[in-house]
$ cat data.cif   # mmCIF, C-alpha atoms
data_protein
loop_
_atom_site.group_PDB
_atom_site.id
_atom_site.type_symbol
_atom_site.label_atom_id
_atom_site.label_comp_id
_atom_site.auth_asym_id
_atom_site.auth_seq_id
_atom_site.Cartn_x
_atom_site.Cartn_y
_atom_site.Cartn_z
ATOM 1 C CA MET A 275 43.682 -15.572 180.721
ATOM 2 C CA ARG A 276 43.196 -18.789 178.782
ATOM 3 C CA GLY A 277 40.235 -19.281 176.509
ATOM 4 C CA GLU A 278 37.572 -21.929 177.173
ATOM 5 C CA HIS A 279 39.000 -24.366 174.618
ATOM 6 C CA GLU A 280 42.531 -24.137 176.005
ATOM 7 C CA ARG A 281 41.315 -24.580 179.600
ATOM 8 C CA THR A 282 39.198 -27.636 178.801
ATOM 9 C CA ALA A 283 41.546 -29.237 176.250
ATOM 10 C CA THR A 284 44.139 -29.962 178.954
ATOM 11 C CA PRO A 285 43.193 -32.611 181.532
ATOM 12 C CA PHE A 286 42.640 -31.222 185.026
ATOM 13 C CA ASP A 287 45.485 -33.185 186.611
ATOM 14 C CA ASP A 288 47.891 -31.772 184.000
ATOM 15 C CA GLN A 289 46.645 -28.265 184.800
ATOM 16 C CA VAL A 290 47.353 -28.861 188.502
ATOM 17 C CA ARG A 291 50.857 -30.145 187.701
ATOM 18 C CA GLU A 292 51.464 -27.008 185.621
ATOM 19 C CA LEU A 293 50.316 -24.806 188.496
ATOM 20 C CA LEU A 294 52.559 -26.621 190.981
ATOM 21 C CA ALA A 295 55.552 -26.259 188.636
ATOM 22 C CA LEU A 296 55.231 -22.459 188.802
ATOM 23 C CA PHE A 297 56.621 -22.616 192.349
ATOM 24 C CA ASP A 298 59.820 -24.408 191.273
ATOM 25 C CA ALA A 299 62.847 -22.341 190.215
ATOM 26 C CA ASP A 300 63.871 -24.971 187.690
ATOM 27 C CA ASN A 301 60.866 -26.917 186.557
ATOM 28 C CA GLY A 302 62.994 -28.637 183.929
ATOM 29 C CA ASP A 303 60.902 -27.916 180.875
ATOM 30 C CA GLY A 304 61.668 -24.262 180.202
ATOM 31 C CA GLN A 305 58.234 -23.034 181.243
ATOM 32 C CA ALA A 306 57.684 -19.804 183.089
ATOM 33 C CA ALA A 307 57.982 -19.664 186.858
ATOM 34 C CA ALA A 308 56.082 -17.379 189.212
ATOM 35 C CA VAL A 309 59.213 -15.514 190.295
ATOM 36 C CA PRO A 310 57.971 -14.075 193.614
ATOM 37 C CA ALA A 311 56.544 -17.496 194.480
ATOM 38 C CA VAL A 312 59.621 -19.614 193.700
ATOM 39 C CA GLY A 313 60.590 -21.342 196.910
ATOM 40 C CA ASN A 314 57.490 -19.986 198.661
ATOM 41 C CA ARG A 315 54.990 -22.663 197.721
ATOM 42 C CA PRO A 316 51.857 -22.361 199.830
ATOM 43 C CA GLU A 317 50.337 -25.438 201.380
ATOM 44 C CA ILE A 318 48.007 -26.631 198.631
ATOM 45 C CA TRP A 319 44.852 -28.547 199.501
ATOM 46 C CA MET A 320 42.384 -29.608 196.842
ATOM 47 C CA LEU A 321 38.636 -29.577 197.423
ATOM 48 C CA GLY A 322 36.511 -32.283 195.833
ATOM 49 C CA SER A 323 33.163 -33.938 196.286
ATOM 50 C CA GLY A 324 33.599 -37.211 194.435
ATOM 51 C CA ASP A 325 35.806 -40.063 193.301
ATOM 52 C CA HIS A 326 37.186 -38.306 190.217
ATOM 53 C CA THR A 327 38.789 -35.434 192.133
ATOM 54 C CA ALA A 328 39.835 -37.719 194.989
ATOM 55 C CA ARG A 329 41.656 -39.957 192.501
ATOM 56 C CA ILE A 330 43.487 -36.992 190.943
ATOM 57 C CA VAL A 331 44.462 -35.545 194.329
ATOM 58 C CA GLY A 332 45.689 -38.934 195.559
ATOM 59 C CA SER A 333 47.739 -39.569 192.419
ATOM 60 C CA LEU A 334 49.377 -36.143 192.791
ATOM 61 C CA GLY A 335 50.230 -36.793 196.441
ATOM 62 C CA LEU A 336 48.404 -33.677 197.670
ATOM 63 C CA PRO A 337 46.166 -33.135 200.725
ATOM 64 C CA PHE A 338 42.433 -33.640 200.114
ATOM 65 C CA VAL A 339 39.430 -31.688 201.413
ATOM 66 C CA SER A 340 36.211 -33.637 201.019
ATOM 67 C CA ALA A 341 33.328 -31.271 200.237
ATOM 68 C CA HIS A 342 30.823 -32.796 202.642
ATOM 69 C CA HIS A 343 28.997 -29.456 202.657
ATOM 70 C CA LEU A 344 28.228 -29.928 198.943
ATOM 71 C CA LYS A 345 27.645 -33.672 198.612
ATOM 72 C CA PRO A 346 27.451 -35.357 202.024
ATOM 73 C CA LEU A 347 26.593 -38.766 200.579
ATOM 74 C CA ASN A 348 29.887 -38.858 198.645
ATOM 75 C CA THR A 349 32.219 -38.142 201.568
ATOM 76 C CA VAL A 350 33.095 -41.685 202.672
ATOM 77 C CA ALA A 351 33.591 -42.980 199.121
ATOM 78 C CA ALA A 352 35.725 -39.968 198.137
ATOM 79 C CA VAL A 353 37.963 -40.311 201.192
ATOM 80 C CA ARG A 354 38.396 -44.052 200.560
ATOM 81 C CA THR A 355 39.307 -43.372 196.926
ATOM 82 C CA TYR A 356 41.818 -40.734 197.990
ATOM 83 C CA LEU A 357 43.455 -43.078 200.516
ATOM 84 C CA ARG A 358 43.542 -45.954 198.017
ATOM 85 C CA THR A 359 45.127 -43.855 195.253
ATOM 86 C CA PHE A 360 47.466 -41.708 197.360
ATOM 87 C CA GLN A 361 51.037 -41.621 196.029
ATOM 88 C CA PRO A 362 53.546 -40.138 198.470
ATOM 89 C CA SER A 363 55.159 -36.952 197.187
ATOM 90 C CA SER A 364 58.208 -34.973 198.264
ATOM 91 C CA LEU A 365 55.925 -32.500 200.044
ATOM 92 C CA TYR A 366 53.433 -34.970 201.493
ATOM 93 C CA PRO A 367 54.808 -38.424 202.304
ATOM 94 C CA ALA A 368 51.486 -39.425 203.911
ATOM 95 C CA PRO A 369 47.852 -38.672 203.088
ATOM 96 C CA ARG A 370 46.246 -35.625 204.690
ATOM 97 C CA ILE A 371 42.480 -35.237 204.866
ATOM 98 C CA SER A 372 40.120 -32.479 205.911
ATOM 99 C CA ILE A 373 36.344 -32.545 205.650
ATOM 100 C CA SER A 374 34.394 -29.341 205.056
ATOM 101 C CA VAL A 375 30.970 -29.080 206.648
ATOM 102 C CA ALA A 376 28.336 -26.397 206.896
ATOM 103 C CA VAL A 377 27.771 -25.336 210.500
ATOM 104 C CA ILE A 378 25.392 -22.858 212.063
ATOM 105 C CA VAL A 379 26.171 -21.715 215.591
ATOM 106 C CA ALA A 380 23.902 -19.621 217.771
ATOM 107 C CA GLU A 381 23.115 -18.995 221.421
ATOM 108 C CA ASN A 382 20.151 -21.421 221.292
ATOM 109 C CA ASP A 383 18.357 -23.868 218.988
ATOM 110 C CA GLU A 384 15.600 -21.416 218.096
ATOM 111 C CA ARG A 385 18.094 -18.809 216.884
ATOM 112 C CA ALA A 386 20.095 -21.460 214.992
ATOM 113 C CA GLN A 387 16.928 -22.646 213.215
ATOM 114 C CA TRP A 388 16.096 -19.059 212.281
ATOM 115 C CA LEU A 389 19.591 -18.509 210.871
ATOM 116 C CA ALA A 390 19.359 -21.824 208.978
ATOM 117 C CA GLY A 391 16.295 -20.533 207.129
ATOM 118 C CA SER A 392 18.601 -18.716 204.713
ATOM 119 C CA LEU A 393 20.342 -21.928 203.711
ATOM 120 C CA ARG A 394 17.080 -23.899 203.528
ATOM 121 C CA MET A 395 15.652 -21.268 201.177
ATOM 122 C CA LYS A 396 18.762 -21.250 198.981
ATOM 123 C CA ILE A 397 18.728 -25.048 198.692
ATOM 124 C CA ALA A 398 14.990 -25.132 197.960
ATOM 125 C CA GLN A 399 15.365 -22.550 195.200
ATOM 126 C CA ARG A 400 18.315 -24.399 193.650
ATOM 127 C CA ARG A 401 16.353 -27.677 193.626
ATOM 128 C CA GLN A 402 13.547 -25.882 191.772
ATOM 129 C CA GLY A 403 16.005 -24.703 189.135
ATOM 130 C CA ARG A 404 16.052 -21.112 190.416
ATOM 131 C CA PRO A 405 19.463 -20.571 192.023
ATOM 132 C CA ILE A 406 19.688 -17.477 194.202
ATOM 133 C CA GLN A 407 22.250 -15.753 196.375
ATOM 134 C CA LEU A 408 21.986 -16.534 200.071
ATOM 135 C CA PRO A 409 19.079 -14.442 201.396
ATOM 136 C CA SER A 410 19.065 -12.821 204.816
ATOM 137 C CA PRO A 411 17.222 -14.757 207.543
ATOM 138 C CA GLU A 412 14.623 -11.960 207.594
ATOM 139 C CA LEU A 413 13.954 -12.343 203.886
ATOM 140 C CA ALA A 414 13.878 -16.142 204.087
ATOM 141 C CA GLU A 415 11.175 -16.043 206.782
ATOM 142 C CA ALA A 416 9.012 -13.478 204.964
ATOM 143 C CA PRO A 417 5.554 -14.817 204.106
ATOM 144 C CA GLY A 418 5.304 -15.923 200.484
ATOM 145 C CA TYR A 419 9.022 -15.576 199.775
ATOM 146 C CA THR A 420 9.856 -17.787 196.795
ATOM 147 C CA THR A 421 12.112 -15.691 194.587
ATOM 148 C CA PRO A 422 14.640 -12.959 195.215
ATOM 149 C CA ARG A 423 13.165 -9.499 195.645
ATOM 150 C CA ASP A 424 14.495 -6.555 193.678
#
$ encode --input "data.cif" --output "structure tokens"
Amino acid sequence: MRGEHERTATPFDDQVRELLALFDADNGDGQAAAVPAVGNRPEIWMLGSGDHTARIVGSLGLPFVSAHHLKPLNTVAAVRTYLRTFQPSSLYPAPRISISVAVIVAENDERAQWLAGSLRMKIAQRRQGRPIQLPSPELAEAPGYTTPRD
């Protein structure tokens, strides 16, 4: 595993290129290859919530997943940036876009609202500078619940 300095000293787009090269039998620069993976490259989609990641993904000619579930106000701008900067690649001659959203499904609105209490509580705690793991709906509806219980 690489140390913090080595991971952050190399620009992210170069790190992605290095990862992609592991799937090529002859990557041309004498670097290691992931032997079981050579020729078996998975479909690689990159998740991002803003212009910076969208620009990198577009320049690499990879599919883009806009993280609407994390930053919904950035979705349209990120997708536009991706489309504007997309460079066709041998694997993806045209842009490919997916948008991730948070969805709660239940048999009725009342049940869906109850289930959503967990997410509302998690978001409220994060905004107050007290990040928590996602609580159960029962815990989220408990009177006076503000911090995780031991």
$ resolve_selection --input "data.cif" --expression "the PyMOL selection byres ((chain A and resi 377) around 12)" --output "list in words"
His342, His343, Ser374, Val375, Ala376, Ile378, Val379, Ala380, Ala386, Gln387, Leu389, Ala390 and Leu393 of chain A
$ closest_residue --input "data.cif" --among "A:Arg401, A:Arg329, A:Arg291, A:Lys345" --to "Phe360 (chain A)" --atoms "all atoms listed in the file"
A:Arg329
$ residues_around --input "data.cif" --residues "Asp288 (chain A)" --least-positions-apart "4" --cutoff "10 Å" --atoms "all atoms listed in the file" --output "PDB file with C-alpha atoms, keeping the file's coordinate frame"
ATOM      1  CA  THR A 284      44.139 -29.962 178.954  1.00  0.00           C
ATOM      2  CA  GLU A 292      51.464 -27.008 185.621  1.00  0.00           C
ATOM      3  CA  LEU A 293      50.316 -24.806 188.496  1.00  0.00           C
ATOM      4  CA  LEU A 294      52.559 -26.621 190.981  1.00  0.00           C
ATOM      5  CA  ILE A 330      43.487 -36.992 190.943  1.00  0.00           C
ATOM      6  CA  LEU A 334      49.377 -36.143 192.791  1.00  0.00           C
TER       7      LEU A 334
END
$ atom_distance --input "data.cif" --atom1 "CA of Arg370 (chain A)" --atom2 "CA of Phe338 (chain A)"
6.3 Å
$ closest_residue --input "data.cif" --among "A:Ser363, A:Ser410, A:Ser372, A:Gln402" --to "Trp388 (chain A)" --atoms "only C-alpha atoms"
A:Ser410
$ build_atoms --input "data.cif" --residues "region 341-355 of chain A" --atoms "N, CA and C atoms" --output "PDB file, in the coordinates of the input"
ATOM      1  N   ALA A 341      34.373 -32.298 200.188  1.00  0.00           N
ATOM      2  CA  ALA A 341      33.328 -31.271 200.237  1.00  0.00           C
ATOM      3  C   ALA A 341      32.009 -31.846 200.756  1.00  0.00           C
ATOM      4  N   HIS A 342      32.025 -32.239 202.014  1.00  0.00           N
ATOM      5  CA  HIS A 342      30.823 -32.796 202.642  1.00  0.00           C
ATOM      6  C   HIS A 342      29.682 -31.780 202.606  1.00  0.00           C
ATOM      7  N   HIS A 343      30.018 -30.500 202.669  1.00  0.00           N
ATOM      8  CA  HIS A 343      28.997 -29.456 202.657  1.00  0.00           C
ATOM      9  C   HIS A 343      28.268 -29.386 201.318  1.00  0.00           C
ATOM     10  N   LEU A 344      28.868 -29.932 200.253  1.00  0.00           N
ATOM     11  CA  LEU A 344      28.228 -29.928 198.943  1.00  0.00           C
ATOM     12  C   LEU A 344      27.525 -31.246 198.634  1.00  0.00           C
ATOM     13  N   LYS A 345      28.196 -32.347 198.919  1.00  0.00           N
ATOM     14  CA  LYS A 345      27.645 -33.672 198.612  1.00  0.00           C
ATOM     15  C   LYS A 345      27.946 -34.626 199.768  1.00  0.00           C
ATOM     16  N   PRO A 346      27.165 -34.552 200.836  1.00  0.00           N
ATOM     17  CA  PRO A 346      27.451 -35.357 202.024  1.00  0.00           C
ATOM     18  C   PRO A 346      27.432 -36.864 201.779  1.00  0.00           C
ATOM     19  N   LEU A 347      26.657 -37.329 200.827  1.00  0.00           N
ATOM     20  CA  LEU A 347      26.593 -38.766 200.579  1.00  0.00           C
ATOM     21  C   LEU A 347      27.835 -39.303 199.884  1.00  0.00           C
ATOM     22  N   ASN A 348      28.671 -38.429 199.346  1.00  0.00           N
ATOM     23  CA  ASN A 348      29.887 -38.858 198.645  1.00  0.00           C
ATOM     24  C   ASN A 348      31.125 -38.873 199.533  1.00  0.00           C
ATOM     25  N   THR A 349      31.034 -38.351 200.732  1.00  0.00           N
ATOM     26  CA  THR A 349      32.219 -38.142 201.568  1.00  0.00           C
ATOM     27  C   THR A 349      33.016 -39.414 201.821  1.00  0.00           C
ATOM     28  N   VAL A 350      32.378 -40.455 202.313  1.00  0.00           N
ATOM     29  CA  VAL A 350      33.095 -41.685 202.672  1.00  0.00           C
ATOM     30  C   VAL A 350      33.754 -42.302 201.441  1.00  0.00           C
ATOM     31  N   ALA A 351      33.029 -42.387 200.335  1.00  0.00           N
ATOM     32  CA  ALA A 351      33.591 -42.980 199.121  1.00  0.00           C
ATOM     33  C   ALA A 351      34.769 -42.150 198.605  1.00  0.00           C
ATOM     34  N   ALA A 352      34.643 -40.831 198.631  1.00  0.00           N
ATOM     35  CA  ALA A 352      35.725 -39.968 198.137  1.00  0.00           C
ATOM     36  C   ALA A 352      36.977 -40.120 198.992  1.00  0.00           C
ATOM     37  N   VAL A 353      36.806 -40.155 200.297  1.00  0.00           N
ATOM     38  CA  VAL A 353      37.963 -40.311 201.192  1.00  0.00           C
ATOM     39  C   VAL A 353      38.620 -41.670 200.974  1.00  0.00           C
ATOM     40  N   ARG A 354      37.826 -42.714 200.815  1.00  0.00           N
ATOM     41  CA  ARG A 354      38.396 -44.052 200.560  1.00  0.00           C
ATOM     42  C   ARG A 354      39.173 -44.068 199.245  1.00  0.00           C
ATOM     43  N   THR A 355      38.613 -43.435 198.217  1.00  0.00           N
ATOM     44  CA  THR A 355      39.307 -43.372 196.926  1.00  0.00           C
ATOM     45  C   THR A 355      40.622 -42.628 197.071  1.00  0.00           C
TER      46      THR A 355
END
